[in-house]
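The structure appears right after this line, and notes come after that.
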Amino acid sequence: MVPVKSWLYVLLLWLCSWPLVASQTESTGLNADTTAKTSILYLYFLNTASDVTLDDILADPAYTHSFQPVLNDKRILVSDNNPVWFKARLRNTSKHPATWLLEYNFPMVDKLEVYQVDRASKDIDLLNRTGNDYPFNERALPYRGYVTELNLAPEQEFDLYLRVLDAAIVPSDITLWQPGTFISVQQGNAIFDGVLSGILLMLALHSFIMFNQLRQRQRLYQGLFFSCFAMVLAILNGLAFPLLWPDNPAINLAVLYIFAGLSLLCLNLFIRARLEQPLSFFWHKVHIFNNLLSLSLLFSPLLIGGEWRFWLLLGSIIVVISSNMLLTLHYAIAGQKSARSLALACFFLLISAAILTTAQLGYFKQLLEWHYLTLLLILLCMTVIHFSLDHIHAELTTDHDSLKELAKYKTLFNQATEGLFVGNADGQLLDANLALLQILGYQQINELRQDVGGNGMARFYANPSERQDFISQLHKFGQQQAEIRGLRADRSPFWALLSARLVPATATEPAFIHGSVIDISKQKLAYEQLSYQANHDAITGLYNRHYLLQQLTRSLYQGAKRNSSLLFIDVAQFNEINNRFGHNAGDSLLKQLGQQLEQNLAPADMLARLEKDQFALLSPGKNANEALVIAYRLIDQVKTFNFSWQQQQFTISINIGIRVIDNSRQDSDSFLMQAAAAAASARAKGQNRIHLYTEPMLTS
């Protein structure tokens, strides 16, 4: 019989060795002398909660044992707003030091952190923190993908961890490069992308020039499509980040969805305008649906979250391009010549979108040249369409049919619901319709002409200098639109949307101006009321929580050289008065106290009511000492304030928590929570107390 003591030794040995067996990881050998580019052969992944750190993973064998190998069917992982950890073990098989570049090639990722863990000492080294949530100019290496430099000692072996956070999907496309090879490939890609974008912009410019000459809608839509498509390519290949918005992290993905939606919308409108025949009922509904789908993608950064927005992008590309390909194929079979080239362009555009999408997700990396070839085929096809458009030159005639058409347009002019006018090149009125007379407060056109005979049209502008600016801009650009504050015949003010166009002079006719006037007074008033209600508290008239956080976020992104301070003000006696005398008493207290706190504030200071008995003060450019001075002054003001209700006097006290806004890379909600925690600490000390937030404080 085996002694119990021996069994205990065996059990203890198994328990100690289990974490080592569970965490066994195959290593990927790297030799700079034999290979210039390689993928990680043994890559593992793990989905965790958002609060799990690398220290937690290394300390808990359960996490280490939970890593799973990345197989072919796991190249794309669903993140569900939780981070995905990738783990790999790298070994330098060379006897010389080596430098490798690790590239995570998914430009749409939100956050990426790269850690190096020494196997012997378990020391953690953060190599890189990047992603679309950070500005482009903060990247360790300025490339389209996220690149991290790895320095390996001779025969060194270490563990590499990547923490990837994205709202939709997380591809496992991780590549190791030799620096020389990587730079050479990036330079070639940049040259190709630059030439392609340049050709697209040249085609767009030519389309706009032709639109200016011929006034054909398809020329406008075509030029807009080329411009937006060039911008989409510039965002995907990384050219747009360092050139247009290197300091704005939040705009990167938003602009991608906006220009993708504009590209699809312009493509849909261009194909509809290019087809010679009217659409059937079914295809007309498909055309409207495509427009709505493109507009949904265009406004998706404002309305839809990250995961659904990503799937909307893929769905919109497939639906819009496929439906237009079927539409043009239908009309091409019916015998319409112009539909043939459109169907071919839609086909290649759909194939290119599929290849580009799969390449972005980490598939078909060996087919890099194929998606370049596809882009060139699209460019060739769109160029053929561009120069195959018929040049239509219309000449004015004076036959009887033209006179009848002019009579119809005169009827439309007089019966239009918006105010229409015609004037000479100097801006003097020649004709106006009935709607404009009603807007300006006249009964007859002769009354209007008599009134403007002496002072001109300037008498209808609340600010006469606006008319001079409008006329000068009109002569400069040929057309102009602006919101103006006007005056009616009885000098009563109103708001109007004024649009005008300058028709150049010809050999027989002088130049003239025609345009429209729309009364937008009600819309303007409603907008101002809604804007005020959205940013102000209904009880106190102070700014509300939404506006405070908005201004705090703006100050964080602006990165002011001087720190600002956030004061969280907690009213002690509000609940007692509100519960004892009702909401009217509580509202009156908040309103009077808000007026008391507003006294003697600096012009730049912003006081807001957050909720219930909580106020906040954002003081730009104030350090901790200056914020303390402001806090003591507020307490002194409140001490002199007595609240009166139903012939009773109440002494009010407050507690203030101060949080200095520094460069700790936190969001506005975090700063506000920390200021609230400081206020809670002040309240624990008594009444009329102040507490300055320090880093170790809890913000529960």
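Every chain in the structure tokens takes a letter, A first, then B, and so on in the order presented; its residues are numbered from 1, and the ligands are numbered from 1 following the presented order.
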
- [ ] Please provide the set of residues having any atom within 10 Å of Leu224 in chain A, restricted to only C-alpha atoms, with same-chain residues fewer than 2 positions apart removed, written as a PyMOL selection string.
- [x] chain A and resi 201+204-205+207-208+218-222+226-230+262-263+265-267+270

Open item on the list: Residues within 10 Å of Gly686 in chain A, please, as a VMD selection string. Count only C-alpha atoms; anything in the same chain fewer than 3 positions from it doesn't count.
Closed with: chain A and resid 572 653 to 655 681 to 683 689 to 690

DSSP-assigned strand (DSSP E) members of range 137-358 of chain A, reported as a PDB file with N, CA and C atoms, in the first residue's frame:
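Now in part11.pdb:
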```
ATOM      1  N   TYR A 146      -0.318  50.306 -37.871  1.00  0.00           N
ATOM      2  CA  TYR A 146       0.251  50.587 -36.560  1.00  0.00           C
ATOM      3  C   TYR A 146       1.520  49.764 -36.411  1.00  0.00           C
ATOM      4  N   VAL A 147       2.663  50.446 -36.381  1.00  0.00           N
ATOM      5  CA  VAL A 147       3.977  49.827 -36.458  1.00  0.00           C
ATOM      6  C   VAL A 147       4.704  50.038 -35.140  1.00  0.00           C
ATOM      7  N   THR A 148       5.329  48.960 -34.633  1.00  0.00           N
ATOM      8  CA  THR A 148       6.078  48.994 -33.383  1.00  0.00           C
ATOM      9  C   THR A 148       7.465  48.417 -33.627  1.00  0.00           C
ATOM     10  N   GLU A 149       8.475  49.078 -33.131  1.00  0.00           N
ATOM     11  CA  GLU A 149       9.846  48.621 -33.303  1.00  0.00           C
ATOM     12  C   GLU A 149      10.201  47.617 -32.207  1.00  0.00           C
ATOM     13  N   LEU A 150      10.781  46.468 -32.612  1.00  0.00           N
ATOM     14  CA  LEU A 150      11.214  45.427 -31.694  1.00  0.00           C
ATOM     15  C   LEU A 150      12.727  45.282 -31.799  1.00  0.00           C
ATOM     16  N   ASN A 151      13.431  45.434 -30.690  1.00  0.00           N
ATOM     17  CA  ASN A 151      14.880  45.278 -30.638  1.00  0.00           C
ATOM     18  C   ASN A 151      15.201  43.989 -29.888  1.00  0.00           C
ATOM     19  N   LEU A 152      15.838  43.029 -30.571  1.00  0.00           N
ATOM     20  CA  LEU A 152      16.116  41.723 -30.013  1.00  0.00           C
ATOM     21  C   LEU A 152      17.613  41.541 -29.832  1.00  0.00           C
ATOM     22  N   GLU A 157      14.739  35.513 -26.253  1.00  0.00           N
ATOM     23  CA  GLU A 157      13.384  34.999 -26.378  1.00  0.00           C
ATOM     24  C   GLU A 157      12.492  35.731 -25.380  1.00  0.00           C
ATOM     25  N   PHE A 158      11.374  36.257 -25.853  1.00  0.00           N
ATOM     26  CA  PHE A 158      10.465  36.981 -24.974  1.00  0.00           C
ATOM     27  C   PHE A 158       9.037  36.783 -25.454  1.00  0.00           C
ATOM     28  N   ASP A 159       8.083  37.138 -24.575  1.00  0.00           N
ATOM     29  CA  ASP A 159       6.661  37.059 -24.900  1.00  0.00           C
ATOM     30  C   ASP A 159       6.156  38.420 -25.331  1.00  0.00           C
ATOM     31  N   LEU A 160       5.335  38.429 -26.359  1.00  0.00           N
ATOM     32  CA  LEU A 160       4.755  39.659 -26.897  1.00  0.00           C
ATOM     33  C   LEU A 160       3.247  39.610 -26.710  1.00  0.00           C
ATOM     34  N   TYR A 161       2.689  40.682 -26.130  1.00  0.00           N
ATOM     35  CA  TYR A 161       1.245  40.774 -25.902  1.00  0.00           C
ATOM     36  C   TYR A 161       0.713  42.003 -26.621  1.00  0.00           C
ATOM     37  N   LEU A 162      -0.417  41.839 -27.318  1.00  0.00           N
ATOM     38  CA  LEU A 162      -1.110  42.952 -27.966  1.00  0.00           C
ATOM     39  C   LEU A 162      -2.521  43.025 -27.403  1.00  0.00           C
ATOM     40  N   ARG A 163      -2.886  44.201 -26.930  1.00  0.00           N
ATOM     41  CA  ARG A 163      -4.255  44.440 -26.443  1.00  0.00           C
ATOM     42  C   ARG A 163      -4.970  45.300 -27.488  1.00  0.00           C
ATOM     43  N   VAL A 164      -5.986  44.731 -28.140  1.00  0.00           N
ATOM     44  CA  VAL A 164      -6.692  45.387 -29.234  1.00  0.00           C
ATOM     45  C   VAL A 164      -8.131  45.633 -28.802  1.00  0.00           C
ATOM     46  N   LEU A 165      -8.565  46.881 -28.957  1.00  0.00           N
ATOM     47  CA  LEU A 165      -9.935  47.255 -28.578  1.00  0.00           C
ATOM     48  C   LEU A 165     -10.597  47.932 -29.759  1.00  0.00           C
ATOM     49  N   ILE A 169     -14.977  44.585 -35.008  1.00  0.00           N
ATOM     50  CA  ILE A 169     -14.225  43.358 -35.222  1.00  0.00           C
ATOM     51  C   ILE A 169     -12.749  43.614 -34.976  1.00  0.00           C
ATOM     52  N   VAL A 170     -12.013  42.532 -34.748  1.00  0.00           N
ATOM     53  CA  VAL A 170     -10.567  42.611 -34.495  1.00  0.00           C
ATOM     54  C   VAL A 170      -9.894  41.566 -35.380  1.00  0.00           C
ATOM     55  N   PRO A 171      -9.290  41.952 -36.516  1.00  0.00           N
ATOM     56  CA  PRO A 171      -8.529  40.998 -37.321  1.00  0.00           C
ATOM     57  C   PRO A 171      -7.215  40.633 -36.636  1.00  0.00           C
ATOM     58  N   ILE A 174      -1.094  40.324 -38.232  1.00  0.00           N
ATOM     59  CA  ILE A 174       0.122  40.817 -37.595  1.00  0.00           C
ATOM     60  C   ILE A 174       1.308  40.314 -38.407  1.00  0.00           C
ATOM     61  N   THR A 175       2.184  41.233 -38.821  1.00  0.00           N
ATOM     62  CA  THR A 175       3.308  40.906 -39.685  1.00  0.00           C
ATOM     63  C   THR A 175       4.584  41.468 -39.082  1.00  0.00           C
ATOM     64  N   LEU A 176       5.680  40.728 -39.247  1.00  0.00           N
ATOM     65  CA  LEU A 176       7.002  41.160 -38.815  1.00  0.00           C
ATOM     66  C   LEU A 176       7.837  41.472 -40.044  1.00  0.00           C
ATOM     67  N   TRP A 177       8.480  42.651 -40.045  1.00  0.00           N
ATOM     68  CA  TRP A 177       9.241  43.130 -41.196  1.00  0.00           C
ATOM     69  C   TRP A 177      10.665  43.463 -40.773  1.00  0.00           C
TER      70      TRP A 177
END
```

- [ ] Write out as a VMD selection string the residues lying within 12 Å of range 581-597 of chain A, counting only C-alpha atoms and excluding same-chain residues fewer than 6 positions away.
- [x] chain A and resid 537 to 543 569 to 575 605 to 617 630 to 646 648 to 654

TODO: Between CA of Ser39 in chain A and CA of Val109 in chain A, measure the distance and give it in Å to one decimal.
DONE: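 Rounded to one decimal, the two atoms are 19.4 Å apart.
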